[in-house]
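Here's the structure, in structure tokens; my notes come after.
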Amino acid sequence: MEETQKKRFFVGKEIDIVGVVRAIWREKKLLFVFVAVFAVMGVVYALNQAKRYTAMVILAPEMSGMGMSSSISDIASMVGVELGKGNSSVDAIYPEIYPDLFASTDFIVDLFDVPVCLQKSHVEKSYFNHIIQDSKIPFWKYPQVKLMEWIESLGAKENGGGKINTFQLTKVQYNICDVIRKNIGCQIDKSTNVITISVTDEDPLVAAVMADTLQKRLQDYITSYRTQKARNDLEYAQKICAEAKMQYVQSMKKYASYSDSNMDALLQSVRSQQENLENDMQLCYNTYASAMQKVEAAKARVQERTPAFTVIQRASVPLTASSMPRSMMVMIFIVLGVLCDVAWILFLRDWVEKRRKNKTSETVA
């Protein structure tokens, strides 16, 4: 019978579609059973899947229209374009590695304490506790409920405001890091250098809040990295300027005090000492003025090194779910039911009968 069916439905390398459809329709009751069973399974599966919402932020590094100055080269290097700044080094942080930055444990752990508010309950809690307490669990994972309750009881203790040791995370913290890593995303369009930040969550308001937070955290991180050396130079210049000012004030007081004490003196030695003090005061003033100029130059350097981002699309609360519609899940299960019915009629039923006959013959023998 099996060989006959193969010859009937498979002519050479071609498949007799009409013959297959007729064979399935002749046993339409079996088809309806498969479809009904899988439809019920699809409904149960779909109802146990939480809707997920995705909020996005689109931004791009801002570039001015000035010439090939060092500032333009700096900004160009930030977006991964090398304009040949001579002997200057290329930044180690550029858009192509932003996704790796988002996936880093240090970056993710800093998101644990971000306060979020649920859209329906308006209850504010940390992002860490939100993931633990508000994640929907399908019924087939109910054996894990006790474990999740235990994790929830540890949530406040393990993330109660203390400093987290990123070098040695606990099991709970490590699992939450994996969840957050899957929920956040960063894509770079290499042709336009546009950066798209996305956050997916079961609550639309939480997704929008975290997308906005990621945008600010990324800008702060890149700004801190880009201006680190310039800020160190500024701090050093301000220290030198403060010391120069102190020396100038001391020399000025010393000169004024000596001049007041010897106002009516006519001795050449007094006048010579007064001139020396005046020269020292002038030297201290020149040093102080030079230090002030260096401070202003260092401030300008910090401003020059500070990257600017143009926000093309700000974060907003998504109104529609980004996850697969439940009706589509049910349709997929129905299609699987039809495929299983086809496989049973064309292949599996004859194979099962053949195996059963072989076992029966072996038993009789």
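By order of appearance in the structure tokens: chains A, B, ..., then residues from 1 within every chain, and ligands from 1 in the order shown.
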(request) Write out as a PyMOL selection string all residues of range 107-265 of chain A that backbone DSSP assigns to helix (DSSP H, G or I). (result) chain A and resi 107-109+127-134+139-158+171-183+204-226+228-261
Output C-alpha atoms for every residue in the selection just made, as a tab-separated table (two decimals), in the first residue's frame.
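again_20.tsv, written as the output of this step:
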chain	number	residue	atom	x	y	z
A	107	PHE	CA	26.38	49.26	31.39
A	108	ILE	CA	23.49	46.89	32.15
A	109	VAL	CA	24.05	46.78	35.91
A	127	TYR	CA	13.72	48.23	36.72
A	128	PHE	CA	15.35	45.25	38.45
A	129	ASN	CA	12.28	44.55	40.60
A	130	HIS	CA	9.92	45.20	37.67
A	131	ILE	CA	11.51	42.41	35.66
A	132	ILE	CA	11.31	40.02	38.61
A	133	GLN	CA	7.80	40.83	39.79
A	134	ASP	CA	5.86	41.75	36.64
A	139	PHE	CA	1.31	27.87	32.71
A	140	TRP	CA	3.78	25.25	31.51
A	141	LYS	CA	6.43	27.07	33.49
A	142	TYR	CA	4.46	26.98	36.72
A	143	PRO	CA	6.99	24.58	38.29
A	144	GLN	CA	9.31	27.59	38.25
A	145	VAL	CA	6.89	29.73	40.25
A	146	LYS	CA	8.40	28.72	43.57
A	147	LEU	CA	11.82	29.60	42.25
A	148	MET	CA	10.58	32.96	40.97
A	149	GLU	CA	8.99	33.70	44.36
A	150	TRP	CA	12.31	32.98	45.98
A	151	ILE	CA	14.05	35.28	43.50
A	152	GLU	CA	11.48	37.97	44.22
A	153	SER	CA	12.17	37.72	47.94
A	154	LEU	CA	15.86	38.20	47.22
A	155	GLY	CA	15.26	41.11	44.87
A	156	ALA	CA	15.02	43.80	47.52
A	157	LYS	CA	18.02	42.41	49.39
A	158	GLU	CA	20.26	42.00	46.40
A	171	LYS	CA	22.90	34.10	40.07
A	172	VAL	CA	19.83	36.34	40.22
A	173	GLN	CA	21.73	39.41	39.04
A	174	TYR	CA	23.34	37.43	36.22
A	175	ASN	CA	19.95	36.17	34.99
A	176	ILE	CA	18.45	39.67	35.11
A	177	CYS	CA	21.41	40.95	33.10
A	178	ASP	CA	20.60	38.37	30.41
A	179	VAL	CA	16.95	39.44	30.37
A	180	ILE	CA	17.85	43.13	30.03
A	181	ARG	CA	20.43	42.33	27.37
A	182	LYS	CA	17.69	40.71	25.29
A	183	ASN	CA	15.24	43.55	25.91
A	204	PRO	CA	4.56	50.23	27.15
A	205	LEU	CA	5.35	53.00	29.64
A	206	VAL	CA	8.35	51.11	31.00
A	207	ALA	CA	9.62	50.57	27.45
A	208	ALA	CA	9.40	54.31	26.71
A	209	VAL	CA	11.07	55.32	30.00
A	210	MET	CA	13.94	52.89	29.48
A	211	ALA	CA	14.43	53.98	25.86
A	212	ASP	CA	14.75	57.59	27.00
A	213	THR	CA	17.11	56.51	29.78
A	214	LEU	CA	19.31	54.57	27.37
A	215	GLN	CA	19.54	57.60	25.10
A	216	LYS	CA	20.75	59.80	27.96
A	217	ARG	CA	23.10	57.12	29.32
A	218	LEU	CA	24.67	56.65	25.90
A	219	GLN	CA	25.15	60.40	25.42
A	220	ASP	CA	26.62	60.76	28.91
A	221	TYR	CA	28.94	57.80	28.39
A	222	ILE	CA	30.23	59.03	25.03
A	223	THR	CA	30.56	62.60	26.32
A	224	SER	CA	32.49	61.41	29.36
A	225	TYR	CA	34.81	59.32	27.20
A	226	ARG	CA	35.35	61.99	24.57
A	228	GLN	CA	38.05	62.76	29.63
A	229	LYS	CA	41.50	64.03	28.64
A	230	ALA	CA	40.24	67.57	28.04
A	231	ARG	CA	38.61	67.64	31.47
A	232	ASN	CA	41.82	66.34	33.06
A	233	ASP	CA	43.75	69.10	31.28
A	234	LEU	CA	41.20	71.66	32.47
A	235	GLU	CA	41.46	70.46	36.05
A	236	TYR	CA	45.26	70.67	35.90
A	237	ALA	CA	45.14	74.14	34.33
A	238	GLN	CA	42.75	75.35	37.05
A	239	LYS	CA	45.07	73.99	39.72
A	240	ILE	CA	48.08	75.79	38.20
A	241	CYS	CA	46.00	78.96	37.85
A	242	ALA	CA	44.95	78.82	41.51
A	243	GLU	CA	48.56	78.42	42.60
A	244	ALA	CA	49.67	81.28	40.33
A	245	LYS	CA	46.92	83.51	41.73
A	246	MET	CA	47.94	82.71	45.28
A	247	GLN	CA	51.58	83.58	44.52
A	248	TYR	CA	50.50	86.80	42.82
A	249	VAL	CA	48.31	87.83	45.76
A	250	GLN	CA	51.15	87.10	48.20
A	251	SER	CA	53.70	89.06	46.15
A	252	MET	CA	51.24	91.95	45.80
A	253	LYS	CA	50.64	92.06	49.56
A	254	LYS	CA	54.37	91.86	50.20
A	255	TYR	CA	55.04	94.72	47.81
A	256	ALA	CA	52.21	96.87	49.21
A	257	SER	CA	53.31	96.28	52.78
A	258	TYR	CA	56.92	97.16	52.03
A	259	SER	CA	55.90	100.26	50.06
A	260	ASP	CA	53.66	101.50	52.86
A	261	SER	CA	56.35	100.92	55.46
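Proximity to Leu47 in chain A was assessed for A:Ile137, A:Thr363, A:Val352, A:Ala298 counting only C-alpha atoms; the smallest distance is recorded for A:Ile137.
Shortest separation to Arg52 in chain A among A:Thr320, A:Thr227, A:Thr196, A:Thr360 occurs at residue A:Thr320, atoms counted being only C-alpha atoms.
Using only C-alpha atoms, the nearest neighbour of Ala103 in chain A within the list A:Val37, A:Cys186, A:Gly19, A:Leu346 is A:Cys186.
Note that CA of Ala291 in chain A and CA of Glu278 in chain A are 19.8 Å apart.
Among the residues of range 159-318 of chain A, backbone DSSP assigns strand (DSSP E or B) to Ile184, Gly185, Cys186, Gln187, Ile188, Asp189, Val194, Ile195, Thr196, Ile197, Ser198, Val199, Thr200, Asp201, Phe309, Thr310, Val311, Ile312 and Gln313 of chain A.
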Atoms to include: N, CA and C atoms. Write the selected residues as an mmCIF file, in the first residue's frame.
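This went into again.cif:
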data_model
loop_
_atom_site.group_PDB
_atom_site.id
_atom_site.type_symbol
_atom_site.label_atom_id
_atom_site.label_comp_id
_atom_site.auth_asym_id
_atom_site.auth_seq_id
_atom_site.Cartn_x
_atom_site.Cartn_y
_atom_site.Cartn_z
ATOM 1 N N ILE A 184 16.993 45.152 25.333
ATOM 2 C CA ILE A 184 17.492 46.408 24.767
ATOM 3 C C ILE A 184 18.263 46.116 23.492
ATOM 4 N N GLY A 185 18.303 47.098 22.619
ATOM 5 C CA GLY A 185 19.005 46.924 21.349
ATOM 6 C C GLY A 185 19.543 48.239 20.836
ATOM 7 N N CYS A 186 20.580 48.150 20.039
ATOM 8 C CA CYS A 186 21.176 49.335 19.422
ATOM 9 C C CYS A 186 21.636 48.946 18.029
ATOM 10 N N GLN A 187 21.056 49.579 17.015
ATOM 11 C CA GLN A 187 21.416 49.300 15.630
ATOM 12 C C GLN A 187 22.018 50.564 15.003
ATOM 13 N N ILE A 188 23.044 50.347 14.188
ATOM 14 C CA ILE A 188 23.738 51.442 13.523
ATOM 15 C C ILE A 188 23.562 51.303 12.016
ATOM 16 N N ASP A 189 23.068 52.352 11.379
ATOM 17 C CA ASP A 189 22.992 52.394 9.922
ATOM 18 C C ASP A 189 24.331 52.929 9.404
ATOM 19 N N VAL A 194 23.061 56.725 11.452
ATOM 20 C CA VAL A 194 21.913 56.933 12.332
ATOM 21 C C VAL A 194 21.885 55.809 13.373
ATOM 22 N N ILE A 195 21.676 56.191 14.621
ATOM 23 C CA ILE A 195 21.674 55.248 15.733
ATOM 24 C C ILE A 195 20.233 55.030 16.171
ATOM 25 N N THR A 196 19.798 53.768 16.219
ATOM 26 C CA THR A 196 18.444 53.424 16.659
ATOM 27 C C THR A 196 18.535 52.626 17.950
ATOM 28 N N ILE A 197 17.985 53.178 19.010
ATOM 29 C CA ILE A 197 17.953 52.520 20.317
ATOM 30 C C ILE A 197 16.543 52.006 20.555
ATOM 31 N N SER A 198 16.419 50.747 20.921
ATOM 32 C CA SER A 198 15.096 50.151 21.138
ATOM 33 C C SER A 198 15.066 49.417 22.471
ATOM 34 N N VAL A 199 13.894 49.451 23.097
ATOM 35 C CA VAL A 199 13.662 48.730 24.351
ATOM 36 C C VAL A 199 12.324 48.027 24.246
ATOM 37 N N THR A 200 12.299 46.749 24.559
ATOM 38 C CA THR A 200 11.076 45.953 24.512
ATOM 39 C C THR A 200 10.696 45.538 25.924
ATOM 40 N N ASP A 201 9.418 45.698 26.251
ATOM 41 C CA ASP A 201 8.959 45.338 27.590
ATOM 42 C C ASP A 201 7.469 45.009 27.520
ATOM 43 N N PHE A 309 24.461 65.366 19.751
ATOM 44 C CA PHE A 309 23.594 64.381 19.108
ATOM 45 C C PHE A 309 22.298 65.063 18.688
ATOM 46 N N THR A 310 21.891 64.803 17.465
ATOM 47 C CA THR A 310 20.595 65.283 16.985
ATOM 48 C C THR A 310 19.569 64.174 17.180
ATOM 49 N N VAL A 311 18.568 64.445 17.989
ATOM 50 C CA VAL A 311 17.528 63.449 18.250
ATOM 51 C C VAL A 311 16.504 63.528 17.127
ATOM 52 N N ILE A 312 16.491 62.514 16.292
ATOM 53 C CA ILE A 312 15.548 62.471 15.173
ATOM 54 C C ILE A 312 14.158 62.060 15.644
ATOM 55 N N GLN A 313 14.118 61.094 16.541
ATOM 56 C CA GLN A 313 12.826 60.636 17.087
ATOM 57 C C GLN A 313 13.007 60.371 18.573
#
(message) Quick one: residues within 8 Å of Phe333 in chain A, only C-alpha atoms, excluding same-chain residues fewer than 5 positions away - as JSON, numbers by chain?
(response) {"A": [38, 39, 41, 42]}
(request) Could you jot down the CA of Arg26 in chain A to CA of Trp351 in chain A separation for me, Å, one decimal place? (result) 19.8 Å
(request) For Phe32 in chain A, work out the shell of residues within 12 Å, counting only C-alpha atoms and skipping chain neighbours fewer than 5 positions away, then give it as an MDAnalysis selection string. (result) chainID A and resid 24:27 37:39 334:335 337:338 340:342
Restrict the selected residues to N, CA, C and O atoms and save them as a short mmCIF file (atom, residue, chain, number, x, y, z; two decimals), in the first residue's frame.
data_model
loop_
_atom_site.label_atom_id
_atom_site.label_comp_id
_atom_site.auth_asym_id
_atom_site.auth_seq_id
_atom_site.Cartn_x
_atom_site.Cartn_y
_atom_site.Cartn_z
N ILE A 24 -6.45 13.84 1.19
CA ILE A 24 -6.69 14.49 2.48
C ILE A 24 -8.17 14.79 2.66
O ILE A 24 -8.73 14.60 3.74
N TRP A 25 -8.82 15.23 1.59
CA TRP A 25 -10.23 15.58 1.70
C TRP A 25 -11.11 14.36 1.92
O TRP A 25 -12.17 14.47 2.54
N ARG A 26 -10.68 13.21 1.41
CA ARG A 26 -11.45 11.98 1.64
C ARG A 26 -11.49 11.66 3.13
O ARG A 26 -12.43 11.02 3.60
N GLU A 27 -10.49 12.08 3.84
CA GLU A 27 -10.46 11.87 5.29
C GLU A 27 -10.57 13.22 5.99
O GLU A 27 -9.78 13.54 6.89
N VAL A 37 -7.70 20.26 17.31
CA VAL A 37 -6.75 20.04 18.41
C VAL A 37 -5.66 21.11 18.41
O VAL A 37 -5.34 21.72 19.43
N PHE A 38 -5.10 21.35 17.23
CA PHE A 38 -4.02 22.34 17.15
C PHE A 38 -4.54 23.76 17.35
O PHE A 38 -3.82 24.63 17.85
N ALA A 39 -5.77 24.03 16.96
CA ALA A 39 -6.35 25.36 17.19
C ALA A 39 -6.51 25.61 18.69
O ALA A 39 -6.21 26.72 19.17
N ILE A 334 -2.78 26.21 13.49
CA ILE A 334 -3.71 25.54 12.57
C ILE A 334 -2.95 25.00 11.35
O ILE A 334 -3.19 23.87 10.89
N VAL A 335 -2.03 25.80 10.83
CA VAL A 335 -1.22 25.33 9.70
C VAL A 335 -0.39 24.12 10.10
O VAL A 335 -0.26 23.15 9.32
N GLY A 337 -1.27 21.98 12.29
CA GLY A 337 -2.21 20.87 12.34
C GLY A 337 -2.47 20.27 10.97
O GLY A 337 -2.52 19.04 10.80
N VAL A 338 -2.63 21.14 9.96
CA VAL A 338 -2.84 20.66 8.59
C VAL A 338 -1.61 19.88 8.11
O VAL A 338 -1.72 18.81 7.49
N CYS A 340 0.61 18.34 9.93
CA CYS A 340 0.68 17.06 10.64
C CYS A 340 -0.32 16.05 10.06
O CYS A 340 -0.01 14.84 9.95
N ASP A 341 -1.51 16.52 9.69
CA ASP A 341 -2.49 15.63 9.07
C ASP A 341 -1.97 15.10 7.73
O ASP A 341 -2.11 13.90 7.43
N VAL A 342 -1.35 15.98 6.95
CA VAL A 342 -0.79 15.55 5.66
C VAL A 342 0.32 14.53 5.88
O VAL A 342 0.39 13.49 5.20
#
(message) Rounded to one decimal, what separation in Å do you get between CA of Val43 in chain A and CA of Leu336 in chain A?
(response) 13.4 Å
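Each of A:Ser104, A:Val35, A:Asn193, A:Lys29 was checked against Leu339 in chain A using only C-alpha atoms; the smallest atom-to-atom distance is that of A:Val35.
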